[in-house]
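Presented below is the structure to which this report refers.
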Amino acid sequence: MNEPKRLFDCIEYHLQRQPLDVMLAGKEGGLWKKYSTRETASIVNDLSAGLLSMGIGPNDMTVEGRDKVAILCKNRPEWMMVDLAVQQIGALLTPIYPTINVNELEFVLNDAQVKIVFVNDEDTFHKVVSIRDRVPSLKEIFTFEHVVNARHWKDVINQSTPELIDRIQPIADKIGYEDVATIIYTSGTTGIPKGVMLSHRNILSNVMACIPCFPPTDGNTRSLSFLPLNHIFERMVTYLYLFKGTSIYYAESLDTIADNLKDVKPHMFTTVPRLLEKVYDRIMQKGNELTGTKKKLFFWAHSLAEKFEINKKQGAWYNMQLALANKLIFSKWREGLGNNIKCIVTGGAACQVRLIRIFTAGKITVMEGYGLTETSPVISVNRYQEEGRAFGTAGPLIDGVAVKIAEDGEILCKGPNIMMGYYKRPDLTAQEIIDGWFHTGDIGILTENNFLKITDRKKELFKTSGGKYVAPLPVENKLKESPFVEQVMIVGPERKFVGALIIPSFPSLRDWCRHNGIPDGTNQELIRNSKVIELYKDLVESFNKYFNHVEQIKKFELLATEWSVDTGEMTPKLSMKRKVITEKYKDVIERIYS
């Protein structure tokens, strides 16, 4: 087989080279159910045949004409099997976040004219059933878990016949490199969802350009997958794993990641900064619980790591100390991640530089990258090879992708990875892609050696009433370096000064209260305690010195509950929905300015 031209070629690519014993694996009834490349290929073909028997196919091969299949499901092997099966018969997969609200779900299913939906379990099944009557195109709903009165996904497989299997190849042969591969609806933080049309060329060019950025692999390399597959970052990296011959194990949920890491002992995984912050906070909490010499050693190692640099000689004495710290302290950190970790790739939002520095010093390479759904997604990424990494940047551009910085600082991008456009919205496409350059909406700079630095979101910059611009992101990221700050949002558009909503890290705060003779209470009681408020005043004051006068936080309010996807303040990618938070806490914000 020559160079792959479609995403679904990954199976054939390996069958002809080195089929894997474990291509995909997921937990079933507490045990890992593993699928080899050959088993996966067989299930995918049966699924394709079953879908053909139900009349699902390419029709006239136009984007509008091709049948749409949706999936609302957590990460599991069946997710990828459906993706591959739908692709090779010329239909289009439209993945949807399982946590989507029903109004958005109804919009997406109708906009895409979805005919079949695959869902994870009873909850997702009932979510789709609740709007079924308002989606005329919808014919069938299939579940992966057994659900009462619902059709099981195996029903599709069972409709396969040798005649139907024979129909797959001629259809697959008609699908080309430039053809659309999927439509991904982005909810973003505003407005109605937009369907991003990505071609095989868009995603596959990104896969091939990113392969050299990763560590070299052998046939025994494992990855753990837990970022939502309906997000292009995890999906593109999945195809990268599949073309590289890396086994993919799916975590059961975000809550089981720690156990799954020890179990699978992966060599790599992808994450978003919020989850990396949580890992770090857990480690620091354990460090704080130590006593005597052990505690001294822990914080000695930590302070060494904070001084770590890459691509720079730090002297024999420092290197000797760091080697000792790695043996005594950081080896335990690596153990917690399964002891095999070669690299962690982070994206989706800016990661605190301090975190990347500390993990990298502890021989846990963190590769931060940057991109958007519309760019399939990677524009730049820090490489596994040390000379291709720089702290505080999103790494060098990947091959084939060009970037220029507009006069107002916005990052513009051009390359084979730029989307075909927004589905049924040529008007929006024309706003975002001008003369072939995609406007990212992010502000940044390119260093002379082509490293990209993101400084802010264009949309998130705001003006105070004094007409001065404030970039909230750097201020928020700096504050989150404090062990006492869990989440923070800067406020102040059209106001006299900058304020902040701060959610304390309650485990760290309770620990501090114990040591300072402050009685424990509910979160609400703690944030009203005058000594606690004093602690946060000092903390904010100590951070203000890093910012110019306009950016400094003059007043803040402490909040008692964490923002989450379930309560609506965070996107599924774990970015803050600033508009929602501003609306929800408008009384609290008024207090800051009263």
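By convention here, the chains of the structure tokens are called A, B, ... in the order presented, each chain's residues are numbered starting at 1, and ligands are numbered starting at 1 in the order presented.
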
**OP:** Report as a PyMOL selection string: the residues of stretch 156-211 of chain A with a DSSP assignment of alpha helix (DSSP H), based on the backbone of this structure.
**Re:** chain A and resi 156-157+162-174+200-210

**OP:** Fewer than 5 positions away in the same chain doesn't count, so skip those; otherwise give me all residues within 6 Å of stretch 301-308 of chain A, counting only C-alpha atoms, as a list in words.
**Re:** Ala325, Ile358 and Ala361 of chain A

**OP:** Tell me, in Å to one decimal, how far atom CA of A:Asn382 is from atom CA of A:Ile248.
**Re:** 22.2 Å

Give me, as JSON lines, the closest atom pair and its distance (Å, one decimal) for every residue of stretch 370-397 of chain A within a cut-off of 10 Å of stretch 451-464 of chain A, counting only C-alpha atoms, rows sorted by chain and rising number.
```
{"residue": "A:Tyr370", "atom": "CA", "partner": "A:Ile454", "partner_atom": "CA", "distance": 8.4}
{"residue": "A:Ile379", "atom": "CA", "partner": "A:Leu452", "partner_atom": "CA", "distance": 9.0}
{"residue": "A:Ser380", "atom": "CA", "partner": "A:Leu452", "partner_atom": "CA", "distance": 6.8}
{"residue": "A:Val381", "atom": "CA", "partner": "A:Leu452", "partner_atom": "CA", "distance": 8.6}
{"residue": "A:Asn382", "atom": "CA", "partner": "A:Phe451", "partner_atom": "CA", "distance": 8.5}
{"residue": "A:Gly388", "atom": "CA", "partner": "A:Phe451", "partner_atom": "CA", "distance": 8.8}
{"residue": "A:Arg389", "atom": "CA", "partner": "A:Phe451", "partner_atom": "CA", "distance": 8.6}
{"residue": "A:Ala390", "atom": "CA", "partner": "A:Phe451", "partner_atom": "CA", "distance": 7.9}
{"residue": "A:Phe391", "atom": "CA", "partner": "A:Lys453", "partner_atom": "CA", "distance": 9.8}
{"residue": "A:Gly392", "atom": "CA", "partner": "A:Lys453", "partner_atom": "CA", "distance": 7.1}
{"residue": "A:Thr393", "atom": "CA", "partner": "A:Lys453", "partner_atom": "CA", "distance": 4.6}
{"residue": "A:Ala394", "atom": "CA", "partner": "A:Leu452", "partner_atom": "CA", "distance": 5.5}
{"residue": "A:Gly395", "atom": "CA", "partner": "A:Phe451", "partner_atom": "CA", "distance": 5.0}
{"residue": "A:Pro396", "atom": "CA", "partner": "A:Phe451", "partner_atom": "CA", "distance": 4.0}
{"residue": "A:Leu397", "atom": "CA", "partner": "A:Phe451", "partner_atom": "CA", "distance": 6.5}
```

Just-selected residues, C-alpha atoms written as a short mmCIF file (atom, residue, chain, number, x, y, z; two decimals), in the first residue's frame:
```
data_model
loop_
_atom_site.label_atom_id
_atom_site.label_comp_id
_atom_site.auth_asym_id
_atom_site.auth_seq_id
_atom_site.Cartn_x
_atom_site.Cartn_y
_atom_site.Cartn_z
CA TYR A 370 -1.58 25.09 19.76
CA ILE A 379 -0.51 24.69 14.05
CA SER A 380 2.55 24.42 16.30
CA VAL A 381 3.79 22.04 18.98
CA ASN A 382 6.84 21.65 21.22
CA GLY A 388 12.48 21.70 19.47
CA ARG A 389 11.12 22.85 22.83
CA ALA A 390 11.00 26.23 24.57
CA PHE A 391 9.22 27.03 27.82
CA GLY A 392 6.47 29.61 27.50
CA THR A 393 5.82 28.88 23.82
CA ALA A 394 3.46 26.63 21.86
CA GLY A 395 6.51 25.27 20.03
CA PRO A 396 7.73 25.58 16.42
CA LEU A 397 5.26 25.50 13.50
#
```

Subject >> Contact residues around stretch 48-64 of chain A with only C-alpha atoms at 8 Å, ignoring same-chain residues under 4 positions, as a count of residues only >> reply: 19

**OP:** Run DSSP on the backbone and give me the residues of stretch 239-459 of chain A it puts in strand (DSSP E or B), as JSON, numbers by chain.
**Re:** {"A": [247, 248, 249, 250, 268, 269, 270, 271, 343, 344, 345, 346, 365, 366, 367, 368, 369, 370, 371, 378, 379, 380, 381, 396, 397, 402, 403, 404, 405, 410, 411, 412, 413, 414, 421, 422, 433, 434, 437, 438, 439, 440, 441, 442, 443, 444, 445, 446, 451, 452, 453, 454, 455, 456, 457]}

Original post:
Near A:Met268, within 6 Å and counting only C-alpha atoms, which residues show up once chain neighbours fewer than 5 positions away are dropped, as a list in words?
Top reply: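 Non-adjacent residues within range: Ser223, Ile341, Lys342, Cys343 and Ile344 of chain A.
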
Subject >> Residue among A:Met80, A:Ala70, A:Ala350, A:Ala251 lying closest to A:Trp32, counting only C-alpha atoms >> reply: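 Looking only at the distances to A:Trp32, the closest residue turns out to be A:Ala251.
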
Subject >> For stretch 118-133 of chain A: contacts at 9 Å, only C-alpha atoms, fewer than 3 positions along chain excluded, given as a VMD selection string >> reply: chain A and resid 69 to 74 79 82 98 to 99 101 to 103 105 to 106 136 138 140 to 148 150 153

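Across the model, the gap from atom CA of A:Cys213 to atom CA of A:Met367 is 9.3 Å.
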
Subject >> Point-to-point distance in Å for atom CA of A:Arg578 and atom CA of A:Asn529 >> reply: 27.4 Å
